[in-house]
$ cat run_1.pdb   # PDB, C-alpha atoms and all ligand atoms
ATOM      1  CA  MET A   1     -15.519  -9.443  14.921
ATOM      2  CA  ALA A   2     -15.225  -6.006  13.383
ATOM      3  CA  TYR A   3     -12.005  -5.066  11.615
ATOM      4  CA  GLU A   4     -10.341  -2.629  13.964
ATOM      5  CA  PHE A   5      -9.048   0.678  12.570
ATOM      6  CA  PRO A   6      -5.323   0.348  13.325
ATOM      7  CA  ALA A   7      -3.332   3.080  15.016
ATOM      8  CA  LEU A   8      -0.898   4.976  12.820
ATOM      9  CA  PRO A   9       2.584   3.513  13.539
ATOM     10  CA  TYR A  10       4.106   7.001  14.068
ATOM     11  CA  ALA A  11       3.074  10.551  14.940
ATOM     12  CA  THR A  12       0.893  12.392  12.416
ATOM     13  CA  ASP A  13       3.741  14.807  11.535
ATOM     14  CA  ALA A  14       6.519  12.183  11.528
ATOM     15  CA  LEU A  15       6.699  11.791   7.725
ATOM     16  CA  ALA A  16       6.821  15.535   6.958
ATOM     17  CA  PRO A  17       7.656  17.296   4.727
ATOM     18  CA  TYR A  18       6.760  14.507   2.253
ATOM     19  CA  ILE A  19       3.563  13.362   3.939
ATOM     20  CA  THR A  20       2.376  16.142   6.216
ATOM     21  CA  ALA A  21       0.066  16.117   9.217
ATOM     22  CA  GLU A  22      -2.509  17.789   6.971
ATOM     23  CA  THR A  23      -2.259  14.937   4.441
ATOM     24  CA  ILE A  24      -2.538  12.399   7.276
ATOM     25  CA  SER A  25      -5.574  14.255   8.669
ATOM     26  CA  PHE A  26      -7.423  13.445   5.442
ATOM     27  CA  HIS A  27      -5.735  10.307   4.134
ATOM     28  CA  TYR A  28      -5.601   8.361   7.394
ATOM     29  CA  ALA A  29      -8.250   9.999   9.560
ATOM     30  CA  LYS A  30     -10.885  10.423   6.822
ATOM     31  CA  HIS A  31     -10.251   8.171   3.791
ATOM     32  CA  HIS A  32      -8.772   5.146   5.576
ATOM     33  CA  ALA A  33     -11.211   5.458   8.478
ATOM     34  CA  ALA A  34     -14.144   5.557   6.054
ATOM     35  CA  TYR A  35     -13.025   2.356   4.301
ATOM     36  CA  VAL A  36     -12.874   0.581   7.670
ATOM     37  CA  THR A  37     -16.278   1.913   8.779
ATOM     38  CA  ASN A  38     -17.911   1.058   5.446
ATOM     39  CA  TYR A  39     -16.391  -2.432   5.446
ATOM     40  CA  ASN A  40     -17.596  -3.191   8.963
ATOM     41  CA  ASN A  41     -21.099  -1.945   8.142
ATOM     42  CA  LEU A  42     -21.246  -4.049   4.952
ATOM     43  CA  VAL A  43     -20.098  -7.346   6.529
ATOM     44  CA  LYS A  44     -22.144  -6.942   9.710
ATOM     45  CA  GLY A  45     -24.518  -9.887  10.079
ATOM     46  CA  THR A  46     -22.969 -11.789   7.127
ATOM     47  CA  PRO A  47     -20.620 -14.833   7.273
ATOM     48  CA  PHE A  48     -17.773 -12.495   6.184
ATOM     49  CA  ASP A  49     -17.958 -10.833   9.597
ATOM     50  CA  GLU A  50     -16.344 -13.947  11.129
ATOM     51  CA  GLN A  51     -13.516 -14.197   8.580
ATOM     52  CA  PRO A  52     -10.095 -12.535   8.573
ATOM     53  CA  LEU A  53      -9.944  -9.514   6.273
ATOM     54  CA  GLU A  54      -7.419 -11.137   3.906
ATOM     55  CA  GLU A  55      -9.751 -14.111   3.368
ATOM     56  CA  VAL A  56     -12.712 -11.832   2.660
ATOM     57  CA  ILE A  57     -10.674  -9.849   0.122
ATOM     58  CA  LYS A  58      -9.711 -13.028  -1.753
ATOM     59  CA  ALA A  59     -13.259 -14.449  -1.536
ATOM     60  CA  THR A  60     -14.971 -11.322  -2.910
ATOM     61  CA  ALA A  61     -12.453 -10.352  -5.646
ATOM     62  CA  GLY A  62     -14.145 -10.251  -9.041
ATOM     63  CA  ASP A  63     -17.636 -10.871  -7.612
ATOM     64  CA  ALA A  64     -19.847  -8.062  -8.941
ATOM     65  CA  SER A  65     -22.421  -8.667  -6.208
ATOM     66  CA  LYS A  66     -19.772  -8.126  -3.501
ATOM     67  CA  VAL A  67     -17.984  -5.131  -5.005
ATOM     68  CA  GLY A  68     -18.713  -2.858  -2.034
ATOM     69  CA  ILE A  69     -17.266  -5.327   0.462
ATOM     70  CA  PHE A  70     -14.246  -5.924  -1.781
ATOM     71  CA  ASN A  71     -13.505  -2.257  -2.449
ATOM     72  CA  ASN A  72     -13.788  -1.167   1.172
ATOM     73  CA  GLY A  73     -12.090  -4.272   2.599
ATOM     74  CA  ALA A  74      -9.172  -4.172   0.167
ATOM     75  CA  GLN A  75      -8.744  -0.433   0.690
ATOM     76  CA  ALA A  76      -8.749  -0.958   4.479
ATOM     77  CA  TRP A  77      -5.996  -3.582   4.063
ATOM     78  CA  ASN A  78      -4.013  -1.616   1.460
ATOM     79  CA  HIS A  79      -3.873   1.514   3.605
ATOM     80  CA  THR A  80      -2.834  -0.300   6.779
ATOM     81  CA  PHE A  81      -0.069  -1.950   4.755
ATOM     82  CA  TYR A  82       0.950   1.378   3.168
ATOM     83  CA  TRP A  83       1.408   3.110   6.543
ATOM     84  CA  ASN A  84       3.575   0.195   7.719
ATOM     85  CA  CYS A  85       5.759   0.417   4.601
ATOM     86  CA  MET A  86       6.985   3.876   5.659
ATOM     87  CA  LYS A  87       8.910   5.316   8.595
ATOM     88  CA  PRO A  88      10.446   8.661   9.536
ATOM     89  CA  GLY A  89      13.967   8.770   8.105
ATOM     90  CA  GLY A  90      13.219   5.895   5.743
ATOM     91  CA  GLY A  91      14.566   5.265   2.269
ATOM     92  CA  GLY A  92      18.127   4.218   1.561
ATOM     93  CA  GLU A  93      18.689   0.648   0.451
ATOM     94  CA  PRO A  94      17.699  -2.762   1.798
ATOM     95  CA  THR A  95      20.352  -5.063   3.244
ATOM     96  CA  GLY A  96      20.888  -8.788   3.677
ATOM     97  CA  ASP A  97      18.804 -11.445   1.905
ATOM     98  CA  LEU A  98      16.315  -8.959   0.456
ATOM     99  CA  ALA A  99      19.092  -6.821  -1.063
ATOM    100  CA  ALA A 100      20.649  -9.915  -2.660
ATOM    101  CA  LYS A 101      17.280 -11.061  -3.996
ATOM    102  CA  ILE A 102      16.593  -7.624  -5.530
ATOM    103  CA  VAL A 103      19.927  -7.766  -7.352
ATOM    104  CA  ALA A 104      19.229 -11.349  -8.471
ATOM    105  CA  ASP A 105      15.740 -10.599  -9.822
ATOM    106  CA  PHE A 106      16.063  -6.996 -11.080
ATOM    107  CA  GLY A 107      19.779  -6.757 -11.927
ATOM    108  CA  SER A 108      20.485  -3.962  -9.435
ATOM    109  CA  PHE A 109      18.779  -1.817  -6.805
ATOM    110  CA  ALA A 110      18.772   1.051  -9.325
ATOM    111  CA  GLN A 111      16.849  -1.122 -11.799
ATOM    112  CA  PHE A 112      14.328  -2.015  -9.101
ATOM    113  CA  LYS A 113      13.879   1.703  -8.360
ATOM    114  CA  ASP A 114      13.302   2.486 -12.041
ATOM    115  CA  ALA A 115      10.706  -0.273 -12.331
ATOM    116  CA  PHE A 116       8.898   0.821  -9.148
ATOM    117  CA  LYS A 117       8.907   4.480 -10.243
ATOM    118  CA  ALA A 118       7.549   3.539 -13.660
ATOM    119  CA  ALA A 119       4.784   1.404 -12.124
ATOM    120  CA  GLY A 120       3.640   4.300  -9.946
ATOM    121  CA  ALA A 121       3.935   6.915 -12.668
ATOM    122  CA  THR A 122       2.115   4.894 -15.340
ATOM    123  CA  GLN A 123      -0.819   3.726 -13.188
ATOM    124  CA  PHE A 124      -3.494   5.727 -15.013
ATOM    125  CA  GLY A 125      -5.923   7.227 -12.512
ATOM    126  CA  SER A 126      -6.140   5.736  -9.029
ATOM    127  CA  GLY A 127      -4.230   2.708  -7.795
ATOM    128  CA  TRP A 128      -1.139   1.235  -6.206
ATOM    129  CA  ALA A 129       2.436   0.228  -7.073
ATOM    130  CA  TRP A 130       3.756  -2.961  -5.457
ATOM    131  CA  LEU A 131       6.814  -5.092  -4.854
ATOM    132  CA  VAL A 132       5.533  -8.671  -4.659
ATOM    133  CA  LEU A 133       6.867 -12.197  -4.424
ATOM    134  CA  GLU A 134       5.319 -14.541  -6.994
ATOM    135  CA  ASN A 135       6.417 -18.171  -7.259
ATOM    136  CA  GLY A 136       9.732 -17.301  -5.639
ATOM    137  CA  THR A 137      10.475 -14.294  -7.851
ATOM    138  CA  LEU A 138      10.322 -10.614  -6.927
ATOM    139  CA  LYS A 139       8.201  -8.526  -9.282
ATOM    140  CA  VAL A 140       7.042  -4.921  -9.510
ATOM    141  CA  THR A 141       3.353  -4.578 -10.339
ATOM    142  CA  LYS A 142       0.625  -1.961 -10.329
ATOM    143  CA  THR A 143      -3.071  -2.351  -9.574
ATOM    144  CA  ALA A 144      -6.081  -0.120 -10.208
ATOM    145  CA  ASN A 145      -8.378   1.286  -7.534
ATOM    146  CA  ALA A 146      -8.627  -1.195  -4.607
ATOM    147  CA  ASP A 147      -7.108  -4.242  -6.336
ATOM    148  CA  ASN A 148      -4.555  -6.164  -4.300
ATOM    149  CA  PRO A 149      -1.834  -8.750  -5.177
ATOM    150  CA  LEU A 150      -3.378 -11.205  -2.677
ATOM    151  CA  CYS A 151      -6.079 -11.754  -5.324
ATOM    152  CA  HIS A 152      -3.468 -12.701  -7.945
ATOM    153  CA  GLY A 153      -1.471 -15.348  -6.093
ATOM    154  CA  GLN A 154       1.215 -12.862  -5.084
ATOM    155  CA  VAL A 155       2.591 -11.911  -1.663
ATOM    156  CA  PRO A 156       2.671  -8.118  -1.193
ATOM    157  CA  LEU A 157       5.992  -6.924   0.260
ATOM    158  CA  LEU A 158       5.813  -3.147  -0.339
ATOM    159  CA  THR A 159       3.176  -0.755  -1.590
ATOM    160  CA  MET A 160       2.879   2.873  -2.606
ATOM    161  CA  ASP A 161      -0.499   4.599  -2.827
ATOM    162  CA  VAL A 162      -0.746   6.643  -6.029
ATOM    163  CA  TRP A 163      -4.352   7.788  -5.593
ATOM    164  CA  GLU A 164      -4.298  11.591  -5.808
ATOM    165  CA  HIS A 165      -5.473  11.843  -2.176
ATOM    166  CA  ALA A 166      -2.094  10.357  -1.131
ATOM    167  CA  TYR A 167      -0.037  13.301  -2.387
ATOM    168  CA  TYR A 168      -2.202  16.127  -3.740
ATOM    169  CA  LEU A 169      -2.035  18.504  -0.749
ATOM    170  CA  VAL A 170       1.781  18.603  -0.919
ATOM    171  CA  TYR A 171       2.631  17.751  -4.535
ATOM    172  CA  GLN A 172      -0.529  18.693  -6.479
ATOM    173  CA  ASN A 173      -0.043  17.216  -9.985
ATOM    174  CA  ARG A 174       3.621  16.245  -9.438
ATOM    175  CA  ARG A 175       3.125  12.523  -8.832
ATOM    176  CA  PRO A 176       6.707  11.693  -9.977
ATOM    177  CA  ASP A 177       8.135  13.923  -7.211
ATOM    178  CA  TYR A 178       5.985  12.169  -4.595
ATOM    179  CA  ILE A 179       7.205   8.821  -5.939
ATOM    180  CA  SER A 180      10.874   9.858  -5.752
ATOM    181  CA  ASP A 181      10.445  11.124  -2.187
ATOM    182  CA  PHE A 182       8.585   7.951  -1.195
ATOM    183  CA  ILE A 183      11.457   5.793  -2.455
ATOM    184  CA  ASP A 184      14.339   7.955  -1.243
ATOM    185  CA  ASN A 185      12.960   9.158   2.105
ATOM    186  CA  LEU A 186      10.055   7.052   3.340
ATOM    187  CA  ILE A 187      10.325   3.299   2.623
ATOM    188  CA  ASP A 188      10.869   1.208   5.750
ATOM    189  CA  TRP A 189      13.135  -1.477   4.268
ATOM    190  CA  SER A 190      13.284  -3.361   7.570
ATOM    191  CA  PHE A 191       9.506  -3.897   7.341
ATOM    192  CA  VAL A 192       9.817  -5.048   3.716
ATOM    193  CA  ALA A 193      12.687  -7.399   4.644
ATOM    194  CA  GLN A 194      10.552  -8.868   7.436
ATOM    195  CA  ARG A 195       7.716  -9.515   4.969
ATOM    196  CA  TYR A 196      10.172 -11.098   2.548
ATOM    197  CA  ALA A 197      11.640 -13.364   5.251
ATOM    198  CA  GLN A 198       8.129 -14.553   6.168
ATOM    199  CA  ALA A 199       7.187 -15.172   2.532
ATOM    200  CA  ALA A 200      10.430 -16.743   1.260
TER
HETATM  201 MN   MN3 B 301      -5.177   6.172  -0.217
END
$ encode --input "run_1.pdb" --output "C-alpha cells" --more "lines below"
Ligand code: MN3
Amino acid sequence: MAYEFPALPYATDALAPYITAETISFHYAKHHAAYVTNYNNLVKGTPFDEQPLEEVIKATAGDASKVGIFNNGAQAWNHTFYWNCMKPGGGGEPTGDLAAKIVADFGSFAQFKDAFKAAGATQFGSGWAWLVLENGTLKVTKTANADNPLCHGQVPLLTMDVWEHAYYLVYQNRRPDYISDFIDNLIDWSFVAQRYAQAA
C-alpha cells in the first residue's frame, strides 16, 4: 500500500509568475517526489506500510528511531496539502462561515493576514506557516522542517511552505515578497473553506 505521488492539481505553469514552471520542476518533480519515494522505501515491509499516511505521521512524531519515516512522510503530506491550498487566480478573501470565523477569532481579515505573514517571515530557517483549527478556535502557527499540526492536536486548514526551495528561483532572499504574493494571488480559499466545514 505505497503512498501514491499525487498529480499536481493544475498545469506546471498555472501559478506563474509567482510559482513558475521552473520552480515546480524542482519543488514538485524533485523535492516532493523524493519525499514520497523515500517514505515508501522506508515503510516497505514494516507495519506502517499498511497504515494511512496521517496515522503514520502522528505515530512517529517525536520518535528519534523513526525520524526518517516521520520527516519524509510529513513532508510528503505537507507538500500535497500545499499544492491544494493554491490555485491560478487565487487570493482575495474567504466568504461565508470561514470569513465570519476569521473575523470572530482574529478581529478582521487584515489581522489574520498580518499574523500569517509574520508566522512565515519569522520561521527561522526551513518550515511552514499554517492556519489551523484547535479546540474550535482558528489559530496561525508555524512549524520547523517537516513538523505538522496533526501532531499537535490541530486540524490544518491552510499551509505555506517557507523552505527556501519554495521561492528561491523567483524571489531569491525576498521571502516577504513571496509571502505577500502567496496570500494575495495564490490561496484557494474555497479549498480552505471546505477543510474548515469538514473540521468544524
Ligand atoms: Mn517544499
$ resolve_selection --input "run_1.pdb" --expression "the PyMOL selection byres (((chain A and resi 197) around 12) and not hetatm)" --output "list in words"
Gly96, Asp97, Leu98, Ala99, Lys101, Leu133, Gly136, Val155, Leu157, Ser190, Phe191, Val192, Ala193, Gln194, Arg195, Tyr196, Gln198, Ala199 and Ala200 of chain A
$ resolve_selection --input "run_1.pdb" --expression "the PyMOL selection byres (((not hetatm)) within 9 of (chain B and resi 301))" --output "list in words"
His27, Tyr28, His31, His32, Gln75, Asn78, His79, Tyr82, Ser126, Gly127, Trp128, Asp161, Val162, Trp163, Glu164, His165 and Ala166 of chain A
$ write_last_selection --input "run_1.pdb" --atoms "C-alpha atoms" --output "JSON list (two decimals), in the coordinates of the input"
[["chain", "number", "residue", "atom", "x", "y", "z"],
["A", 27, "HIS", "CA", -5.74, 10.31, 4.13],
["A", 28, "TYR", "CA", -5.60, 8.36, 7.39],
["A", 31, "HIS", "CA", -10.25, 8.17, 3.79],
["A", 32, "HIS", "CA", -8.77, 5.15, 5.58],
["A", 75, "GLN", "CA", -8.74, -0.43, 0.69],
["A", 78, "ASN", "CA", -4.01, -1.62, 1.46],
["A", 79, "HIS", "CA", -3.87, 1.51, 3.60],
["A", 82, "TYR", "CA", 0.95, 1.38, 3.17],
["A", 126, "SER", "CA", -6.14, 5.74, -9.03],
["A", 127, "GLY", "CA", -4.23, 2.71, -7.80],
["A", 128, "TRP", "CA", -1.14, 1.24, -6.21],
["A", 161, "ASP", "CA", -0.50, 4.60, -2.83],
["A", 162, "VAL", "CA", -0.75, 6.64, -6.03],
["A", 163, "TRP", "CA", -4.35, 7.79, -5.59],
["A", 164, "GLU", "CA", -4.30, 11.59, -5.81],
["A", 165, "HIS", "CA", -5.47, 11.84, -2.18],
["A", 166, "ALA", "CA", -2.09, 10.36, -1.13]]
$ atom_distance --input "run_1.pdb" --atom1 "atom CA of A:Glu55" --atom2 "atom CA of A:Asn41"
17.3 Å
$ resolve_selection --input "run_1.pdb" --expression "the PyMOL selection byres (((chain A and resi 36-39) around 6) and not hetatm)" --output "list in words"
Ala33, Ala34, Tyr35, Asn40, Asn41, Leu42, Ile69, Asn72, Gly73 and Ala76 of chain A
$ closest_residue --input "run_1.pdb" --among "A:Gln154, A:Pro88, A:Ile179, A:Ala146" --to "A:Thr20" --atoms "only C-alpha atoms"
A:Pro88
$ residues_around --input "run_1.pdb" --residues "A:Lys87" --least-positions-apart "5" --cutoff "10 Å" --atoms "all atoms listed in the file" --output "PyMOL selection string"
chain A and resi 9-10+14-15+185-191
$ atom_distance --input "run_1.pdb" --atom1 "atom CA of A:Ile183" --atom2 "atom CA of A:Ile57"
27.2 Å
$ closest_residue --input "run_1.pdb" --among "A:Ala2, A:Asn173, A:Asn148, A:Asp181" --to "A:Ala61" --atoms "all atoms listed in the file"
A:Asn148
$ atom_distance --input "run_1.pdb" --atom1 "atom CA of A:His152" --atom2 "atom CA of A:Ala7"
27.9 Å
$ closest_residue --input "run_1.pdb" --among "A:Ala16, A:Tyr3, A:Ala29, A:Asn84" --to "A:Phe48" --atoms "only C-alpha atoms"
A:Tyr3
$ residues_around --input "run_1.pdb" --residues "A:Thr60" --least-positions-apart "6" --cutoff "10 Å" --atoms "only C-alpha atoms" --output "list in words"
Phe48, Lys66, Val67, Gly68, Ile69, Phe70, Asn71, Gly73, Ala74 and Cys151 of chain A
$ residues_around --input "run_1.pdb" --residues "A:Phe106" --least-positions-apart "5" --cutoff "10 Å" --atoms "only C-alpha atoms" --output "VMD selection string"
chain A and resid 101 111 to 115 137 to 140
$ decode --input "run_1.pdb" --residues "stretch 41-108 of chain A" --atoms "C-alpha atoms" --output "CSV table (one decimal), in the first residue's frame"
chain,number,residue,atom,x,y,z
A,41,ASN,CA,11.2,2.8,0.7
A,42,LEU,CA,11.4,3.3,4.5
A,43,VAL,CA,8.0,1.9,5.4
A,44,LYS,CA,8.2,-1.1,2.9
A,45,GLY,CA,7.9,-4.3,4.8
A,46,THR,CA,7.0,-2.6,8.1
A,47,PRO,CA,3.5,-2.3,9.8
A,48,PHE,CA,3.5,1.4,8.8
A,49,ASP,CA,3.1,0.3,5.1
A,50,GLU,CA,-0.5,-0.8,5.9
A,51,GLN,CA,-1.4,2.5,7.7
A,52,PRO,CA,-2.8,5.7,6.2
A,53,LEU,CA,-0.1,8.4,5.9
A,54,GLU,CA,-1.7,10.7,8.5
A,55,GLU,CA,-1.7,7.9,11.1
A,56,VAL,CA,2.0,7.1,10.4
A,57,ILE,CA,2.9,10.8,10.8
A,58,LYS,CA,1.1,11.0,14.2
A,59,ALA,CA,2.6,7.7,15.4
A,60,THR,CA,6.2,8.5,14.5
A,61,ALA,CA,6.3,12.2,15.6
A,62,GLY,CA,9.0,12.7,18.3
A,63,ASP,CA,10.3,9.2,18.0
A,64,ALA,CA,14.1,9.5,17.4
A,65,SER,CA,14.3,6.0,16.0
A,66,LYS,CA,11.6,6.8,13.3
A,67,VAL,CA,12.9,10.2,12.3
A,68,GLY,CA,13.4,9.3,8.7
A,69,ILE,CA,9.9,7.9,8.3
A,70,PHE,CA,8.5,11.0,10.0
A,71,ASN,CA,10.4,13.5,8.1
A,72,ASN,CA,9.7,12.0,4.7
A,73,GLY,CA,6.1,11.1,5.5
A,74,ALA,CA,5.2,14.5,6.9
A,75,GLN,CA,7.0,16.3,4.0
A,76,ALA,CA,5.0,14.1,1.5
A,77,TRP,CA,1.8,15.1,3.3
A,78,ASN,CA,2.7,18.8,3.7
A,79,HIS,CA,3.6,19.3,0.1
A,80,THR,CA,0.4,17.6,-1.2
A,81,PHE,CA,-1.6,19.9,1.1
A,82,TYR,CA,0.4,22.9,0.0
A,83,TRP,CA,-0.3,22.4,-3.7
A,84,ASN,CA,-4.0,22.0,-2.9
A,85,CYS,CA,-4.0,25.3,-0.9
A,86,MET,CA,-3.2,27.2,-4.1
A,87,LYS,CA,-5.0,27.8,-7.5
A,88,PRO,CA,-4.4,30.0,-10.5
A,89,GLY,CA,-6.1,33.4,-9.9
A,90,GLY,CA,-6.3,32.7,-6.2
A,91,GLY,CA,-6.1,35.1,-3.3
A,92,GLY,CA,-8.8,37.6,-2.4
A,93,GLU,CA,-10.8,36.9,0.7
A,94,PRO,CA,-12.8,34.0,2.0
A,95,THR,CA,-16.6,34.1,2.2
A,96,GLY,CA,-19.3,32.6,4.2
A,97,ASP,CA,-18.8,30.7,7.5
A,98,LEU,CA,-15.0,30.8,7.2
A,99,ALA,CA,-14.9,34.5,6.7
A,100,ALA,CA,-17.1,35.1,9.7
A,101,LYS,CA,-14.9,32.8,11.8
A,102,ILE,CA,-11.8,34.6,10.8
A,103,VAL,CA,-13.3,37.9,11.9
A,104,ALA,CA,-14.5,36.3,15.2
A,105,ASP,CA,-11.1,34.8,16.1
A,106,PHE,CA,-8.6,37.3,14.6
A,107,GLY,CA,-10.6,40.6,14.7
A,108,SER,CA,-10.5,41.1,10.9
